[in-house]
Amino acid sequence: MRLYIIRHADPDYVNDTITPAGHQEALALARRMFRQGLDRIYSSPLGRAVATARYTAEALNLPPLIEPWTAELGQCRVDLPPWGTLCVWDTPGEIIRAAEPPTRDNWHQMPVFSDPLFRQTFEKLQTDSDAFLARHGYQRQDGRYRIVQPNRDRIAVFCHGGFGLWWLAHLLEIPLPLMWSGFWLPPSSVTTILFDERSEQWAVPRCIGCGDVSHLYEAGLPVQPSGIKANRE
């Protein structure tokens, strides 16, 4: 199976939709996904993800199915003077990397991430992700997925920048703060996860493309900086 984790196009956060530039991005993305082909389309319930998914859904004549668990995790915020209040995944890397490298098991013990909400949110995402993938034939056992039903589908999940990083940390077994500080998913970007099947019993998620925006370059569109906090240019 190939899983495409797609961040929504350039956001209009105030109105929970996408900007005029975002509509152009979503159209370019739809052309790309039409060429690649999809078997199923899923979307976060939030307006900016739904608005982005609509273009691809219409191009492929596939109705998007709403997955509530893929909504953005904006309730997870930290107060960090002098930066102010930030989404937890926007915690400056200089704070994360000043401490001992976190592991998958102890990251929530770092003082900046000690709020129980963060751990609880991640544990719920893990449970929901495992249930979602079980519906597609993959039963998680530790970091591997037992192949209950062979699957060669291509599925797209239209979701969010923060959520996408949390989900990738789970799928790829990367400590969550290192995912946050080391990666960025641009608006309308496509991250491709191949469920790598080296045997008949097991599949392991493997990232074969992260944050790809080649459809924007092809369409002559700029990459919007939403989510980058400083010195992008």
# chains A, B, ... in the order shown; residues from 1 in each chain; ligands from 1
$ residues_around --residues "Glu200 of chain A" --least-positions-apart "5" --cutoff "10 Å" --atoms "only C-alpha atoms" --output "number ranges by chain"
A: 146-148, 150
$ write_last_selection --atoms "all heavy atoms" --output "short mmCIF file (atom, residue, chain, number, x, y, z; two decimals), in the first residue's frame"
data_model
loop_
_atom_site.label_atom_id
_atom_site.label_comp_id
_atom_site.auth_asym_id
_atom_site.auth_seq_id
_atom_site.Cartn_x
_atom_site.Cartn_y
_atom_site.Cartn_z
N ARG A 146 1.68 -6.48 10.86
CA ARG A 146 1.40 -7.80 10.32
C ARG A 146 0.43 -7.67 9.14
O ARG A 146 -0.58 -6.96 9.23
CB ARG A 146 0.81 -8.72 11.39
CG ARG A 146 0.56 -10.14 10.88
CD ARG A 146 0.11 -11.07 11.99
NE ARG A 146 1.17 -11.28 12.96
CZ ARG A 146 2.17 -12.14 12.80
NH1 ARG A 146 2.27 -12.84 11.67
NH2 ARG A 146 3.07 -12.29 13.75
N ILE A 147 0.74 -8.34 8.04
CA ILE A 147 -0.10 -8.26 6.85
C ILE A 147 -1.25 -9.24 7.02
O ILE A 147 -1.09 -10.46 6.82
CB ILE A 147 0.71 -8.57 5.58
CG1 ILE A 147 1.91 -7.62 5.47
CG2 ILE A 147 -0.18 -8.46 4.34
CD1 ILE A 147 2.91 -8.01 4.39
N VAL A 148 -2.40 -8.73 7.40
CA VAL A 148 -3.60 -9.56 7.54
C VAL A 148 -4.25 -9.76 6.18
O VAL A 148 -4.76 -10.84 5.86
CB VAL A 148 -4.58 -8.92 8.54
CG1 VAL A 148 -5.85 -9.76 8.66
CG2 VAL A 148 -3.92 -8.75 9.91
N PRO A 150 -3.31 -8.62 2.12
CA PRO A 150 -2.43 -7.89 1.18
C PRO A 150 -3.17 -6.72 0.55
O PRO A 150 -4.35 -6.80 0.23
CB PRO A 150 -2.08 -8.97 0.14
CG PRO A 150 -2.23 -10.27 0.87
CD PRO A 150 -3.39 -10.06 1.81
#
$ closest_atom_pairs --of "segment 31-132 of chain A" --to "segment 15-21 of chain A" --cutoff "8 Å" --atoms "only C-alpha atoms" --output "tab-separated table"
residue	atom	partner	partner_atom	distance
A:Leu46	CA	A:Asp16	CA	7.0
A:Gly47	CA	A:Thr17	CA	5.0
A:Arg48	CA	A:Thr17	CA	3.9
A:Ala49	CA	A:Thr17	CA	7.6
A:Ala51	CA	A:Thr17	CA	6.4
A:Thr52	CA	A:Ile18	CA	7.4
$ write_last_selection --atoms "N, CA, C and O atoms" --output "PDB file, in the first residue's frame"
ATOM      1  N   LEU A  46     -11.864  19.379   8.966  1.00  0.00           N
ATOM      2  CA  LEU A  46     -11.704  20.829   8.968  1.00  0.00           C
ATOM      3  C   LEU A  46     -11.776  21.390   7.556  1.00  0.00           C
ATOM      4  O   LEU A  46     -11.327  20.763   6.583  1.00  0.00           O
ATOM      5  N   GLY A  47     -12.327  22.593   7.456  1.00  0.00           N
ATOM      6  CA  GLY A  47     -12.643  23.180   6.160  1.00  0.00           C
ATOM      7  C   GLY A  47     -11.471  23.308   5.218  1.00  0.00           C
ATOM      8  O   GLY A  47     -11.615  23.105   4.004  1.00  0.00           O
ATOM      9  N   ARG A  48     -10.298  23.635   5.732  1.00  0.00           N
ATOM     10  CA  ARG A  48      -9.153  23.840   4.837  1.00  0.00           C
ATOM     11  C   ARG A  48      -8.683  22.525   4.206  1.00  0.00           C
ATOM     12  O   ARG A  48      -8.185  22.518   3.084  1.00  0.00           O
ATOM     13  N   ALA A  49      -8.836  21.420   4.932  1.00  0.00           N
ATOM     14  CA  ALA A  49      -8.506  20.123   4.346  1.00  0.00           C
ATOM     15  C   ALA A  49      -9.575  19.688   3.350  1.00  0.00           C
ATOM     16  O   ALA A  49      -9.267  19.184   2.262  1.00  0.00           O
ATOM     17  N   ALA A  51     -11.590  21.597   1.615  1.00  0.00           N
ATOM     18  CA  ALA A  51     -11.507  22.431   0.415  1.00  0.00           C
ATOM     19  C   ALA A  51     -10.376  21.992  -0.495  1.00  0.00           C
ATOM     20  O   ALA A  51     -10.492  22.050  -1.729  1.00  0.00           O
ATOM     21  N   THR A  52      -9.281  21.549   0.083  1.00  0.00           N
ATOM     22  CA  THR A  52      -8.150  21.058  -0.725  1.00  0.00           C
ATOM     23  C   THR A  52      -8.481  19.732  -1.373  1.00  0.00           C
ATOM     24  O   THR A  52      -8.224  19.517  -2.565  1.00  0.00           O
TER      25      THR A  52
END
$ closest_atom_pairs --of "segment 75-137 of chain A" --to "segment 169-181 of chain A" --cutoff "12 Å" --atoms "only C-alpha atoms" --output "Markdown table"
| residue | atom | partner | partner_atom | distance |
| --- | --- | --- | --- | --- |
| A:Cys87 | CA | A:Trp180 | CA | 10.5 |
| A:Val88 | CA | A:Trp180 | CA | 8.5 |
| A:Trp89 | CA | A:Trp180 | CA | 5.1 |
| A:Asp90 | CA | A:Trp180 | CA | 7.0 |
| A:Thr91 | CA | A:Ser181 | CA | 7.4 |
| A:Pro92 | CA | A:Ser181 | CA | 6.9 |
| A:Gly93 | CA | A:Ser181 | CA | 4.8 |
| A:Glu94 | CA | A:Ser181 | CA | 8.5 |
| A:Ile95 | CA | A:Ser181 | CA | 9.4 |
| A:Ile96 | CA | A:Pro177 | CA | 6.7 |
| A:Arg97 | CA | A:Leu178 | CA | 8.3 |
| A:Ala98 | CA | A:Ser181 | CA | 11.7 |
| A:Ala99 | CA | A:Pro177 | CA | 11.1 |
| A:Glu100 | CA | A:Leu178 | CA | 11.4 |
| A:Pro101 | CA | A:Leu178 | CA | 8.2 |
| A:Pro102 | CA | A:Pro175 | CA | 6.4 |
| A:Thr103 | CA | A:Pro175 | CA | 5.2 |
| A:Arg104 | CA | A:Pro175 | CA | 4.4 |
| A:Asp105 | CA | A:Pro175 | CA | 7.9 |
| A:Asn106 | CA | A:Pro175 | CA | 8.7 |
| A:Trp107 | CA | A:Pro175 | CA | 6.8 |
| A:His108 | CA | A:Pro177 | CA | 9.0 |
| A:Gln109 | CA | A:Pro177 | CA | 11.3 |
| A:Met110 | CA | A:Pro177 | CA | 9.6 |
| A:Val112 | CA | A:Pro177 | CA | 10.3 |
| A:Phe113 | CA | A:Pro177 | CA | 8.9 |
| A:Phe118 | CA | A:Leu176 | CA | 10.4 |
| A:Arg119 | CA | A:Leu176 | CA | 10.2 |
| A:Thr121 | CA | A:Leu176 | CA | 11.9 |
| A:Phe122 | CA | A:His170 | CA | 8.6 |
| A:Glu123 | CA | A:His170 | CA | 9.6 |
| A:Lys124 | CA | A:His170 | CA | 11.2 |
| A:Leu125 | CA | A:His170 | CA | 8.5 |
| A:Gln126 | CA | A:His170 | CA | 6.6 |
| A:Thr127 | CA | A:His170 | CA | 10.2 |
| A:Asp128 | CA | A:His170 | CA | 11.1 |
| A:Ser129 | CA | A:His170 | CA | 8.6 |
| A:Asp130 | CA | A:Leu171 | CA | 9.4 |
| A:Leu133 | CA | A:Leu171 | CA | 10.5 |
$ residues_around --residues "Leu27 of chain A" --least-positions-apart "3" --cutoff "9 Å" --atoms "only C-alpha atoms" --output "list in words"
Gly22, His23, Gln24, Ala30, Arg31, Arg32, Thr52, Tyr55 and Thr56 of chain A
$ residues_around --residues "Arg35 of chain A" --least-positions-apart "5" --cutoff "12 Å" --atoms "only C-alpha atoms" --output "list in words"
Ala28, Leu29, Ala30, Thr56, Ala59, Leu60 and His215 of chain A
$ closest_residue --among "A:Thr85, A:Ser44, A:Ser214, A:Thr70" --to "Ser189 of chain A" --atoms "only C-alpha atoms"
A:Ser214
$ select_by_dssp --residues "chain A" --states "strand (DSSP E or B)" --output "PyMOL selection string"
chain A and resi 2-7+11-12+17-18+40-43+65-66+77-80+84-87+138-141+144-147+154-159+190-196+202-212
$ residues_around --residues "Asp212 of chain A" --least-positions-apart "5" --cutoff "10 Å" --atoms "only C-alpha atoms" --output "list in words"
Ile6, Leu185, Pro186, Pro187, Ser188, Ser189, Val190, Thr191 and Thr192 of chain A
$ write_last_selection --atoms "N, CA and C atoms" --output "tab-separated table (two decimals), in the first residue's frame"
chain	number	residue	atom	x	y	z
A	6	ILE	N	-1.15	14.29	2.85
A	6	ILE	CA	-1.17	15.55	2.11
A	6	ILE	C	-1.61	16.68	3.03
A	185	LEU	N	6.29	20.40	6.69
A	185	LEU	CA	5.44	19.98	5.59
A	185	LEU	C	4.81	21.22	4.97
A	186	PRO	N	5.23	21.61	3.77
A	186	PRO	CA	4.68	22.82	3.14
A	186	PRO	C	3.20	22.66	2.79
A	187	PRO	N	2.49	23.76	2.62
A	187	PRO	CA	1.11	23.67	2.16
A	187	PRO	C	1.00	22.92	0.83
A	188	SER	N	0.04	22.04	0.74
A	188	SER	CA	-0.28	21.17	-0.40
A	188	SER	C	0.78	20.12	-0.67
A	189	SER	N	1.72	19.92	0.25
A	189	SER	CA	2.80	18.96	0.02
A	189	SER	C	2.30	17.52	0.16
A	190	VAL	N	3.02	16.64	-0.51
A	190	VAL	CA	2.69	15.22	-0.51
A	190	VAL	C	3.85	14.45	0.13
A	191	THR	N	3.55	13.71	1.18
A	191	THR	CA	4.52	12.81	1.81
A	191	THR	C	4.07	11.37	1.54
A	192	THR	N	4.95	10.59	0.95
A	192	THR	CA	4.60	9.25	0.51
A	192	THR	C	5.20	8.20	1.43
$ select_by_dssp --residues "segment 82-226 of chain A" --states "helix (DSSP H, G or I)" --output "ChimeraX atom specification"
/A:88-90,93-96,107-109,111-113,116-134,161-172,176-182,214-219
$ closest_residue --among "A:Ala203, A:Ala131, A:Leu73, A:Ala26" --to "Val50 of chain A" --atoms "only C-alpha atoms"
A:Ala26
$ closest_residue --among "A:Phe195, A:Asp153, A:Pro222, A:Ile228" --to "Gly182 of chain A" --atoms "only C-alpha atoms"
A:Ile228
$ residues_around --residues "segment 62-69 of chain A" --least-positions-apart "3" --cutoff "7 Å" --atoms "only C-alpha atoms" --output "ChimeraX atom specification"
/A:40-45,57-58,128
$ write_last_selection --atoms "all heavy atoms" --output "PDB file, in the first residue's frame"
ATOM      1  N   ARG A  40      -8.600   5.498  -2.813  1.00  0.00           N
ATOM      2  CA  ARG A  40      -9.456   6.080  -1.782  1.00  0.00           C
ATOM      3  C   ARG A  40      -8.911   7.447  -1.391  1.00  0.00           C
ATOM      4  O   ARG A  40      -7.703   7.671  -1.423  1.00  0.00           O
ATOM      5  CB  ARG A  40      -9.515   5.189  -0.531  1.00  0.00           C
ATOM      6  CG  ARG A  40     -10.221   3.852  -0.738  1.00  0.00           C
ATOM      7  CD  ARG A  40     -10.273   3.061   0.563  1.00  0.00           C
ATOM      8  NE  ARG A  40     -10.919   1.769   0.388  1.00  0.00           N
ATOM      9  CZ  ARG A  40     -10.299   0.673  -0.046  1.00  0.00           C
ATOM     10  NH1 ARG A  40      -8.999   0.737  -0.337  1.00  0.00           N
ATOM     11  NH2 ARG A  40     -10.952  -0.457  -0.172  1.00  0.00           N
ATOM     12  N   ILE A  41      -9.832   8.313  -1.002  1.00  0.00           N
ATOM     13  CA  ILE A  41      -9.477   9.645  -0.507  1.00  0.00           C
ATOM     14  C   ILE A  41     -10.128   9.831   0.860  1.00  0.00           C
ATOM     15  O   ILE A  41     -11.338   9.609   1.024  1.00  0.00           O
ATOM     16  CB  ILE A  41      -9.962  10.751  -1.464  1.00  0.00           C
ATOM     17  CG1 ILE A  41      -9.256  10.635  -2.821  1.00  0.00           C
ATOM     18  CG2 ILE A  41      -9.719  12.130  -0.855  1.00  0.00           C
ATOM     19  CD1 ILE A  41      -9.781  11.604  -3.858  1.00  0.00           C
ATOM     20  N   TYR A  42      -9.307  10.214   1.820  1.00  0.00           N
ATOM     21  CA  TYR A  42      -9.789  10.539   3.159  1.00  0.00           C
ATOM     22  C   TYR A  42      -9.429  11.989   3.469  1.00  0.00           C
ATOM     23  O   TYR A  42      -8.472  12.536   2.916  1.00  0.00           O
ATOM     24  CB  TYR A  42      -9.154   9.629   4.204  1.00  0.00           C
ATOM     25  CG  TYR A  42      -9.456   8.166   4.011  1.00  0.00           C
ATOM     26  CD1 TYR A  42      -8.552   7.320   3.370  1.00  0.00           C
ATOM     27  CD2 TYR A  42     -10.650   7.616   4.469  1.00  0.00           C
ATOM     28  CE1 TYR A  42      -8.821   5.972   3.190  1.00  0.00           C
ATOM     29  CE2 TYR A  42     -10.934   6.264   4.298  1.00  0.00           C
ATOM     30  CZ  TYR A  42     -10.013   5.451   3.654  1.00  0.00           C
ATOM     31  OH  TYR A  42     -10.285   4.123   3.476  1.00  0.00           O
ATOM     32  N   SER A  43     -10.198  12.600   4.363  1.00  0.00           N
ATOM     33  CA  SER A  43      -9.932  13.997   4.708  1.00  0.00           C
ATOM     34  C   SER A  43     -10.224  14.252   6.180  1.00  0.00           C
ATOM     35  O   SER A  43     -11.142  13.667   6.767  1.00  0.00           O
ATOM     36  CB  SER A  43     -10.796  14.931   3.847  1.00  0.00           C
ATOM     37  OG  SER A  43     -10.623  16.289   4.228  1.00  0.00           O
ATOM     38  N   SER A  44      -9.455  15.164   6.737  1.00  0.00           N
ATOM     39  CA  SER A  44      -9.792  15.775   8.016  1.00  0.00           C
ATOM     40  C   SER A  44     -11.143  16.470   7.867  1.00  0.00           C
ATOM     41  O   SER A  44     -11.511  16.916   6.781  1.00  0.00           O
ATOM     42  CB  SER A  44      -8.709  16.803   8.376  1.00  0.00           C
ATOM     43  OG  SER A  44      -9.206  17.803   9.238  1.00  0.00           O
ATOM     44  N   PRO A  45     -11.898  16.614   8.957  1.00  0.00           N
ATOM     45  CA  PRO A  45     -13.184  17.323   8.867  1.00  0.00           C
ATOM     46  C   PRO A  45     -13.048  18.831   8.759  1.00  0.00           C
ATOM     47  O   PRO A  45     -14.047  19.514   8.478  1.00  0.00           O
ATOM     48  CB  PRO A  45     -13.885  16.931  10.171  1.00  0.00           C
ATOM     49  CG  PRO A  45     -12.766  16.662  11.125  1.00  0.00           C
ATOM     50  CD  PRO A  45     -11.671  16.051  10.303  1.00  0.00           C
ATOM     51  N   ALA A  57     -10.765  14.995  -5.409  1.00  0.00           N
ATOM     52  CA  ALA A  57     -11.938  14.128  -5.415  1.00  0.00           C
ATOM     53  C   ALA A  57     -12.722  14.293  -6.713  1.00  0.00           C
ATOM     54  O   ALA A  57     -13.175  13.307  -7.316  1.00  0.00           O
ATOM     55  CB  ALA A  57     -12.822  14.441  -4.216  1.00  0.00           C
ATOM     56  N   GLU A  58     -12.888  15.519  -7.176  1.00  0.00           N
ATOM     57  CA  GLU A  58     -13.625  15.762  -8.414  1.00  0.00           C
ATOM     58  C   GLU A  58     -12.855  15.243  -9.621  1.00  0.00           C
ATOM     59  O   GLU A  58     -13.442  14.673 -10.554  1.00  0.00           O
ATOM     60  CB  GLU A  58     -13.925  17.248  -8.551  1.00  0.00           C
ATOM     61  CG  GLU A  58     -14.950  17.756  -7.534  1.00  0.00           C
ATOM     62  CD  GLU A  58     -15.169  19.252  -7.611  1.00  0.00           C
ATOM     63  OE1 GLU A  58     -14.439  19.932  -8.383  1.00  0.00           O
ATOM     64  OE2 GLU A  58     -16.068  19.758  -6.904  1.00  0.00           O
ATOM     65  N   ASP A 128      -5.750   5.627  17.114  1.00  0.00           N
ATOM     66  CA  ASP A 128      -6.589   5.882  15.937  1.00  0.00           C
ATOM     67  C   ASP A 128      -5.873   5.475  14.653  1.00  0.00           C
ATOM     68  O   ASP A 128      -6.486   4.919  13.738  1.00  0.00           O
ATOM     69  CB  ASP A 128      -6.964   7.359  15.881  1.00  0.00           C
ATOM     70  CG  ASP A 128      -7.939   7.767  16.977  1.00  0.00           C
ATOM     71  OD1 ASP A 128      -8.640   6.883  17.511  1.00  0.00           O
ATOM     72  OD2 ASP A 128      -8.001   8.971  17.290  1.00  0.00           O
TER      73      ASP A 128
END
$ atom_distance --atom1 "atom CA of Met1 of chain A" --atom2 "atom CA of Val204 of chain A"
10.6 Å
$ atom_distance --atom1 "atom CA of Gly211 of chain A" --atom2 "atom CA of Leu38 of chain A"
18.3 Å
$ atom_distance --atom1 "atom CA of Arg198 of chain A" --atom2 "atom CA of Phe158 of chain A"
27.9 Å
$ residues_around --residues "Leu3 of chain A" --least-positions-apart "2" --cutoff "7 Å" --atoms "only C-alpha atoms" --output "number ranges by chain"
A: 1, 5, 154-156, 192-194
$ decode --residues "segment 141-216 of chain A" --atoms "C-alpha atoms" --output "compact mmCIF listing (two decimals), in the first residue's frame"
# COMPACT_ATOMS: atom_id res chain seq x y z
CA GLN A 141 2.67 -5.16 16.46
CA ASP A 142 5.39 -3.06 18.07
CA GLY A 143 6.92 -1.09 15.19
CA ARG A 144 5.88 -3.54 12.48
CA TYR A 145 2.59 -4.26 10.77
CA ARG A 146 1.40 -7.80 10.32
CA ILE A 147 -0.10 -8.26 6.85
CA VAL A 148 -3.60 -9.56 7.54
CA GLN A 149 -4.83 -8.74 4.04
CA PRO A 150 -2.43 -7.89 1.18
CA ASN A 151 -3.07 -4.39 -0.07
CA ARG A 152 -1.82 -2.59 -3.17
CA ASP A 153 -4.12 0.40 -2.88
CA ARG A 154 -3.03 4.01 -3.14
CA ILE A 155 -4.78 6.12 -0.53
CA ALA A 156 -4.56 9.83 0.21
CA VAL A 157 -5.25 11.49 3.54
CA PHE A 158 -5.75 15.26 3.36
CA CYS A 159 -4.81 16.63 6.74
CA HIS A 160 -2.57 19.21 8.43
CA GLY A 161 1.02 20.25 8.96
CA GLY A 162 1.17 19.62 12.68
CA PHE A 163 -0.93 16.46 12.58
CA GLY A 164 1.19 15.12 9.73
CA LEU A 165 4.37 15.44 11.79
CA TRP A 166 2.80 13.67 14.78
CA TRP A 167 1.56 10.87 12.52
CA LEU A 168 4.89 10.44 10.76
CA ALA A 169 6.65 10.19 14.13
CA HIS A 170 4.41 7.23 14.97
CA LEU A 171 4.66 5.52 11.59
CA LEU A 172 8.43 5.93 11.29
CA GLU A 173 9.34 5.36 14.95
CA ILE A 174 10.99 8.78 15.25
CA PRO A 175 10.98 10.60 18.63
CA LEU A 176 8.24 13.19 18.39
CA PRO A 177 10.28 16.32 19.27
CA LEU A 178 12.94 15.37 16.70
CA MET A 179 10.20 15.09 14.07
CA TRP A 180 8.94 18.53 15.04
CA SER A 181 12.35 20.20 15.02
CA GLY A 182 13.72 18.46 11.96
CA PHE A 183 10.89 18.48 9.40
CA TRP A 184 8.37 20.85 7.82
CA LEU A 185 5.44 19.98 5.59
CA PRO A 186 4.68 22.82 3.14
CA PRO A 187 1.11 23.67 2.16
CA SER A 188 -0.28 21.17 -0.40
CA SER A 189 2.80 18.96 0.02
CA VAL A 190 2.69 15.22 -0.51
CA THR A 191 4.52 12.81 1.81
CA THR A 192 4.60 9.25 0.51
CA ILE A 193 4.75 6.26 2.83
CA LEU A 194 5.30 2.85 1.27
CA PHE A 195 4.35 -0.14 3.38
CA ASP A 196 7.51 -2.06 2.56
CA GLU A 197 6.79 -5.78 2.38
CA ARG A 198 10.00 -7.80 2.51
CA SER A 199 8.15 -10.94 3.55
CA GLU A 200 4.63 -12.33 3.40
CA GLN A 201 4.08 -11.62 7.08
CA TRP A 202 5.29 -8.08 7.74
CA ALA A 203 5.14 -4.56 6.35
CA VAL A 204 7.18 -1.61 7.62
CA PRO A 205 6.30 2.03 6.80
CA ARG A 206 9.05 3.63 4.76
CA CYS A 207 9.12 7.28 3.73
CA ILE A 208 10.01 7.50 0.04
CA GLY A 209 9.23 11.19 -0.31
CA CYS A 210 8.65 13.90 2.31
CA GLY A 211 6.95 17.26 1.79
CA ASP A 212 7.11 17.04 -1.99
CA VAL A 213 5.80 20.09 -3.88
CA SER A 214 6.89 19.23 -7.42
CA HIS A 215 3.33 19.94 -8.62
CA LEU A 216 3.80 23.57 -7.55
